[in-house]
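Undergrad: Got a structure here, written out as structure tokens. Questions coming.
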Amino acid sequence: MRIAVCMKAVVDSQARIELDGDGNLRQDQLRFEVNEYDLYAVEEAIRLAESDEGHVTVISAGTADAVQGLRKGLAMGAADAIHVDCDPDDLDASGVAAVLAAALHDGGYDLVLAGVESDDLGGSQVGVLLAEALGYASTTLVVGTNEPVDGAMQVRRELEGGEHANVQVQFPAVLTIQSGINEPRYPSLKGIMAAKRKDLAVKGLADLGFDGAPARRVESLGLTIPPPRELARMLEGGAEETAAELVRILREEEKAL
Amino acid sequence: MSEFEALDFYLMDELLSDEQRLIRDTVRQFVTEKCLPIIEEHQAAGTFPTDLIGPVAELGMLGANLPEEYGCAGLESSTYGIMMQELERGDSGLRSFVSVQGALCMYPIFEFGSEEQRREWLPRMASGEVIGCFGLTEPDAGSDPGAMRTTAVKDGDDWIINGVKMWITNGTMAKIAIIWAQTDDGIRGFVVPTDLPGFQAIEVKGKYSLRASDTAELVLEDVCVPGDALLPKSGGLRSPLMCLNQARYGIAWGGIGAAQACFDEALRYAKARITFGKPVAQTQLVQELLTEIASEITKAQTLCWRLGELKDAGRARPEQISMAKRNNIEMARNTARRCREILGGNGILDEYQAFRHMVNLESVYTYEGTHQIHTLIVGNALTGLPAFG
Ligand SMILES: Cc1cc2nc3c(=O)[nH]c(=O)nc-3n(C[C@H](O)[C@H](O)[C@H](O)COP(=O)(O)OP(=O)(O)OC[C@H]3O[C@@H](n4cnc5c(N)ncnc54)[C@H](O)[C@@H]3O)c2cc1C
């Protein structure tokens with residue numbers, strides 16, 4: 001089985017987010033890390049490949065910040081990596097999908113895994129649009145996989161209320177992976193050192209047949225930080241007093257009880 | 001509590017390679033997820049967290065700087081140091097376990113052992129199947145190990161070992177002990193299986209420090225080992241001192257980690273704790289403390305970085321390693337204490353890390369060459385006049 005996993009460098013959740021006067025992110029303050037959902041996808045791919053002598057490729061479209069995530073994927077056990085060198089700010093979700101599709105098109109992959117969403121933008125679009133661009137089947141919110149049988153796989157999807165649905169999906173397919181499907185392994189130190197020797201191909205947009213970045217059809221106009229909410233209310237006094245006051249507030253003011 | 005943030009005042013991060021950064025982040029995450037949630041319980045109970053041995057080995061942290069052909073990760077010195085720094089950010093006891101296994105047990109087998117000994121022991125020690133301990137110190141020979149009384153006497157092809165070793169880390173759980181003993185040929189090292197008749201390991205009770213570490217007294221009474229237990233290339237006091245140099249190098253990095261843990265905690269606390277209507281961090285006296293600590297941590301970082309470069313180039317001299325161990329552990333010890341102070345009364349609670357690091361660092365200050373002994377090693381190098389005796 002050949003599996004590709006899409007990985008994105010997202011803004012570090014601990015990083016300080018500051019906007020300049022025009023509503024743009026102040027880039028100098030930013031740090032990047034791998035999108036956490038993608039680590040679940042890498043882990044799932046490696047497990048599937050381990051039981052099947054499969055081959056896992058990790059791929060990321062982005063600036064040099066994407067490389068660290070690819071190295072982590074390689075250190076966890078992926079066989080090779082593709083870095084599509086481009087500025088993701090030039091692309092909307094369908095542009096990212098088009099670029100990834102161009103890089104994966106001739107790879108003969110049975111499965112492409114992606115995180116359900118990215119930790120920073122949370123669009124939940126790239127996986128599904130990628131399936132469309134590749135002409136693959138797709139299913140989302142996957143919380144369980146099974147051994148493939150006859151070119152198809154049964155997977156478990158998470159539904160809104162927490163119930164699960166079992167679906168059968170024909171290969172080739174894109175699955176978007178929900179967090180909690182597994183416990184991503186720590187890359188071992190040996191794995192990290194060995195990853196240095198694995199193949200990390202760098203491709204530019206021109207190499208993939210694009211004449212410049214695919215035009216954005218969804219344009220980002222700027223970011224705003226919501227106004228701070230009303231301050232928290234501190235209750236003073238002993239435990240009994242404050243508990244009684246809390247119950248009164250929840251009951252009478254907030255009507256929560 | 002939000003994630004640990006390491007002080008990096010001089011942007012040392014920019015010096016790291018991609019691999020080094022990934023290793024740093026991986027060990028940091030491991031410590032946050034696996035060590036910190038359980039370490040206070042072990043500190044209170046006085047037990048080593050044996051559950052961590054498997055994961056530590058799986059990550060490849062045992063003998064991590066030894067070659068891959070023996071099942072190790074083959075890290076360069078700076079990377080190995082970064083790993084040690086992150087481990088000690090968790091706990092000095094956990095870092096001690098890794099130091100002893102790698103630098104004090106696997107290293108001598110690699111350096112002084114035969115090819116058979118390397119192949120027999122190193123892969124199983126890297127995987128955590130075989131735990132080792134290092135028996136140099138004796139009740140009456142600590143700073144002056146040359147005064148050791150343990151003997152190994154040739155008996156046909158075998159050796160008969162007699163003696164008492166004190167303060168031996170990993171002592172009760174070890175499957176093998178690297179025992180240093182006087183022979184007709186001077187001091188030599190032996191790989192001694194701990195299940196042999198006459199070998200006894202007795203837990204050291206009543207420690208206030210390094211409580212999440214296994215410390216034992218070893219008693220060897222007519223322990224008979226075969227000829228191939230001798231580490232053939234060991235010879236003289238120089239051999240165990242070479243091991244100590246390896247370990248001291250890692251400890252120098254470890255001190256930065258312990259200090260970073262305390263500083264991060266104290267800084268957050270100082271910014272959140274209000275007295276007289278403002279954060280204590282906004283008082284001149286606390287800012288002076290924080291500035292002092294941050295300066296010392298930064299100096300220790302730059303010292304270690306350069307030392308790592310020298311070590312990778314095969315140029316690190318023992319006195320340079322001594323200077324780093326001496327400086328960085330004193331720095332960490334002072335840092336833990338000052339950070340404890342910044343936490344006020346909360347600083348004596350096990351909800352915070354400062355006190356645990358503070359008491360642990362007392363051991364680190366004393367073992368692997370006391371602070372004073374390192375003073376004398378550097379002093380000797382500077383003056384050419386040994387002042388030990
Ligand atoms: C928790 C712990 C774990 C340890 N683990 C191990 C281990 O795994 N294996 C092992 O072999 N050992 C181990 N040790 C032993 C450690 O290395 C010794 O305790 C250390 O070398 C000091 O020896 P000592 O305790 O006998 O002190 P002493 O040598 O008796 O020193 C007492 C004091 O005198 C000072 N002093 C001594 N000589 C001089 C001098 N010439 N000039 C000035 N000052 C001097 C010392 O600095 C110290 O302050 C461990 C110790 C501890 C506490």
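Chain labels run A, B, ... following the order of the structure tokens; each chain numbers its residues from 1, and ligands are numbered from 1 in the order shown.
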Would you mind writing down, as a ChimeraX atom specification, each residue of range 38-169 of chain B that DSSP on the backbone assigns to strand (DSSP E or B)?

TA: /B:132-135,138,141,151-155,158-169

Undergrad: Kindly provide, as a compact mmCIF listing (two decimals) with C-alpha atoms, in the first residue's frame, the residues of chain B having any atom no farther than 9 Å from an atom of chain A, counting only C-alpha atoms.

TA:
```
# COMPACT_ATOMS: atom_id res chain seq x y z
CA SER B 2 0.67 26.71 29.76
CA GLU B 3 3.61 25.02 28.15
CA ASP B 18 16.93 20.90 12.31
CA GLU B 19 17.79 17.55 13.91
CA GLN B 20 18.92 19.15 17.13
CA ARG B 21 15.75 21.19 17.35
CA LEU B 22 13.60 18.14 16.72
CA ILE B 23 15.49 16.15 19.35
CA THR B 26 10.90 15.59 21.38
CA VAL B 27 12.68 15.14 24.70
CA GLN B 29 7.59 16.92 25.09
CA PHE B 30 8.45 13.54 26.58
CA GLU B 58 12.66 3.40 23.01
CA LEU B 59 13.40 7.04 22.36
CA GLY B 60 17.06 6.07 22.12
CA MET B 61 18.35 8.06 25.07
CA ALA B 64 22.76 8.04 22.79
CA GLU B 68 24.62 3.05 15.73
CA GLY B 71 22.06 -0.10 18.72
CA CYS B 72 22.69 3.47 19.82
CA ALA B 73 21.67 6.77 18.25
CA GLY B 74 25.16 8.05 17.38
CA LEU B 75 24.48 11.64 18.48
```

Undergrad: Can you list every residue in range 112-230 of chain A that DSSP puts in alpha helix (DSSP H), as number ranges by chain?

TA: A: 126-134, 189-195

Undergrad: Let me see the file: selected residues, N, CA and C atoms, as an mmCIF file, in the first residue's frame.

TA:
```
data_model
loop_
_atom_site.group_PDB
_atom_site.id
_atom_site.type_symbol
_atom_site.label_atom_id
_atom_site.label_comp_id
_atom_site.auth_asym_id
_atom_site.auth_seq_id
_atom_site.Cartn_x
_atom_site.Cartn_y
_atom_site.Cartn_z
ATOM 1 N N VAL A 126 -8.928 21.412 2.706
ATOM 2 C CA VAL A 126 -7.890 20.934 1.794
ATOM 3 C C VAL A 126 -8.041 19.445 1.491
ATOM 4 N N GLY A 127 -8.315 18.636 2.516
ATOM 5 C CA GLY A 127 -8.433 17.194 2.279
ATOM 6 C C GLY A 127 -9.485 16.879 1.234
ATOM 7 N N VAL A 128 -10.649 17.468 1.400
ATOM 8 C CA VAL A 128 -11.771 17.160 0.517
ATOM 9 C C VAL A 128 -11.522 17.699 -0.897
ATOM 10 N N LEU A 129 -10.995 18.930 -0.957
ATOM 11 C CA LEU A 129 -10.706 19.501 -2.274
ATOM 12 C C LEU A 129 -9.600 18.725 -2.989
ATOM 13 N N LEU A 130 -8.680 18.195 -2.218
ATOM 14 C CA LEU A 130 -7.604 17.389 -2.798
ATOM 15 C C LEU A 130 -8.172 16.119 -3.428
ATOM 16 N N ALA A 131 -9.118 15.497 -2.728
ATOM 17 C CA ALA A 131 -9.764 14.299 -3.278
ATOM 18 C C ALA A 131 -10.426 14.642 -4.609
ATOM 19 N N GLU A 132 -11.078 15.767 -4.609
ATOM 20 C CA GLU A 132 -11.749 16.218 -5.831
ATOM 21 C C GLU A 132 -10.724 16.413 -6.958
ATOM 22 N N ALA A 133 -9.633 17.097 -6.617
ATOM 23 C CA ALA A 133 -8.621 17.394 -7.636
ATOM 24 C C ALA A 133 -7.973 16.122 -8.169
ATOM 25 N N LEU A 134 -7.829 15.115 -7.309
ATOM 26 C CA LEU A 134 -7.197 13.864 -7.732
ATOM 27 C C LEU A 134 -8.207 12.901 -8.350
ATOM 28 N N LEU A 189 15.346 9.146 18.721
ATOM 29 C CA LEU A 189 16.556 9.887 18.363
ATOM 30 C C LEU A 189 17.221 9.238 17.154
ATOM 31 N N LYS A 190 17.193 7.919 17.133
ATOM 32 C CA LYS A 190 17.756 7.213 15.977
ATOM 33 C C LYS A 190 16.972 7.551 14.718
ATOM 34 N N GLY A 191 15.651 7.579 14.852
ATOM 35 C CA GLY A 191 14.796 7.930 13.722
ATOM 36 C C GLY A 191 15.102 9.330 13.220
ATOM 37 N N ILE A 192 15.333 10.240 14.157
ATOM 38 C CA ILE A 192 15.623 11.629 13.774
ATOM 39 C C ILE A 192 16.945 11.694 13.016
ATOM 40 N N MET A 193 17.944 10.954 13.514
ATOM 41 C CA MET A 193 19.229 10.971 12.830
ATOM 42 C C MET A 193 19.120 10.299 11.459
ATOM 43 N N ALA A 194 18.339 9.202 11.403
ATOM 44 C CA ALA A 194 18.196 8.478 10.136
ATOM 45 C C ALA A 194 17.425 9.311 9.112
ATOM 46 N N ALA A 195 16.528 10.164 9.615
ATOM 47 C CA ALA A 195 15.702 10.968 8.712
ATOM 48 C C ALA A 195 16.560 11.887 7.846
#
```

Undergrad: So that I can check the surroundings of Ala332 in chain B, please list as a ChimeraX atom specification every protein, DNA and RNA residue that reaches within 9 Å of it, counting only C-alpha atoms and ignoring chain neighbours fewer than 2 positions away.

TA: /B:255-260,262,296-297,327-330,334-337,357-358,361

Undergrad: Store the residues of this selection in a file with N, CA and C atoms, as a PDB file, in the first residue's frame.

TA:
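File written: part.pdb
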```pdb
ATOM      1  N   GLY B 255      22.448  20.871  34.204  1.00  0.00           N
ATOM      2  CA  GLY B 255      22.250  21.987  35.121  1.00  0.00           C
ATOM      3  C   GLY B 255      21.435  23.112  34.478  1.00  0.00           C
ATOM      4  N   ILE B 256      21.658  23.336  33.195  1.00  0.00           N
ATOM      5  CA  ILE B 256      20.895  24.377  32.488  1.00  0.00           C
ATOM      6  C   ILE B 256      19.407  24.023  32.499  1.00  0.00           C
ATOM      7  N   GLY B 257      19.118  22.739  32.271  1.00  0.00           N
ATOM      8  CA  GLY B 257      17.718  22.309  32.229  1.00  0.00           C
ATOM      9  C   GLY B 257      17.019  22.519  33.566  1.00  0.00           C
ATOM     10  N   ALA B 258      17.677  22.105  34.652  1.00  0.00           N
ATOM     11  CA  ALA B 258      17.071  22.273  35.974  1.00  0.00           C
ATOM     12  C   ALA B 258      16.830  23.759  36.246  1.00  0.00           C
ATOM     13  N   ALA B 259      17.806  24.576  35.889  1.00  0.00           N
ATOM     14  CA  ALA B 259      17.675  26.018  36.126  1.00  0.00           C
ATOM     15  C   ALA B 259      16.547  26.603  35.274  1.00  0.00           C
ATOM     16  N   GLN B 260      16.449  26.149  34.034  1.00  0.00           N
ATOM     17  CA  GLN B 260      15.389  26.636  33.138  1.00  0.00           C
ATOM     18  C   GLN B 260      14.007  26.326  33.708  1.00  0.00           C
ATOM     19  N   CYS B 262      13.153  25.947  36.812  1.00  0.00           N
ATOM     20  CA  CYS B 262      12.884  26.810  37.966  1.00  0.00           C
ATOM     21  C   CYS B 262      12.614  28.244  37.524  1.00  0.00           C
ATOM     22  N   GLU B 296      22.951  34.315  34.467  1.00  0.00           N
ATOM     23  CA  GLU B 296      23.721  33.111  34.776  1.00  0.00           C
ATOM     24  C   GLU B 296      23.336  31.956  33.857  1.00  0.00           C
ATOM     25  N   ILE B 297      22.040  31.806  33.587  1.00  0.00           N
ATOM     26  CA  ILE B 297      21.606  30.735  32.684  1.00  0.00           C
ATOM     27  C   ILE B 297      22.208  30.974  31.298  1.00  0.00           C
ATOM     28  N   ASN B 327      30.748  25.279  37.226  1.00  0.00           N
ATOM     29  CA  ASN B 327      30.002  26.528  37.042  1.00  0.00           C
ATOM     30  C   ASN B 327      28.501  26.280  36.931  1.00  0.00           C
ATOM     31  N   ASN B 328      28.139  25.323  36.092  1.00  0.00           N
ATOM     32  CA  ASN B 328      26.721  25.185  35.773  1.00  0.00           C
ATOM     33  C   ASN B 328      25.917  24.580  36.914  1.00  0.00           C
ATOM     34  N   ILE B 329      26.529  23.706  37.686  1.00  0.00           N
ATOM     35  CA  ILE B 329      25.766  23.131  38.794  1.00  0.00           C
ATOM     36  C   ILE B 329      25.680  24.120  39.951  1.00  0.00           C
ATOM     37  N   GLU B 330      26.712  24.884  40.145  1.00  0.00           N
ATOM     38  CA  GLU B 330      26.578  25.935  41.162  1.00  0.00           C
ATOM     39  C   GLU B 330      25.509  26.933  40.724  1.00  0.00           C
ATOM     40  N   ASN B 334      22.100  27.665  42.837  1.00  0.00           N
ATOM     41  CA  ASN B 334      21.716  29.012  43.263  1.00  0.00           C
ATOM     42  C   ASN B 334      20.385  29.421  42.643  1.00  0.00           C
ATOM     43  N   THR B 335      20.216  29.061  41.378  1.00  0.00           N
ATOM     44  CA  THR B 335      18.978  29.428  40.677  1.00  0.00           C
ATOM     45  C   THR B 335      17.764  28.804  41.355  1.00  0.00           C
ATOM     46  N   ALA B 336      17.862  27.511  41.648  1.00  0.00           N
ATOM     47  CA  ALA B 336      16.725  26.818  42.263  1.00  0.00           C
ATOM     48  C   ALA B 336      16.363  27.493  43.582  1.00  0.00           C
ATOM     49  N   ARG B 337      17.364  27.861  44.317  1.00  0.00           N
ATOM     50  CA  ARG B 337      17.137  28.472  45.615  1.00  0.00           C
ATOM     51  C   ARG B 337      16.490  29.857  45.475  1.00  0.00           C
ATOM     52  N   HIS B 357      13.958  20.531  42.630  1.00  0.00           N
ATOM     53  CA  HIS B 357      15.233  20.775  41.950  1.00  0.00           C
ATOM     54  C   HIS B 357      16.289  21.235  42.953  1.00  0.00           C
ATOM     55  N   MET B 358      15.865  22.087  43.871  1.00  0.00           N
ATOM     56  CA  MET B 358      16.812  22.640  44.838  1.00  0.00           C
ATOM     57  C   MET B 358      17.471  21.526  45.665  1.00  0.00           C
ATOM     58  N   LEU B 361      19.702  19.184  43.472  1.00  0.00           N
ATOM     59  CA  LEU B 361      20.972  19.738  43.009  1.00  0.00           C
ATOM     60  C   LEU B 361      22.059  19.647  44.078  1.00  0.00           C
TER      61      LEU B 361
END
```

Undergrad: Any residue with an atom at most 8 Å from ligand 1 counts, using only C-alpha atoms and all ligand atoms. Which are they? Put them as a ChimeraX atom specification.

TA: /B:100,133-145,165-171,209-210,213,215,362-364,366-373,376,387-389
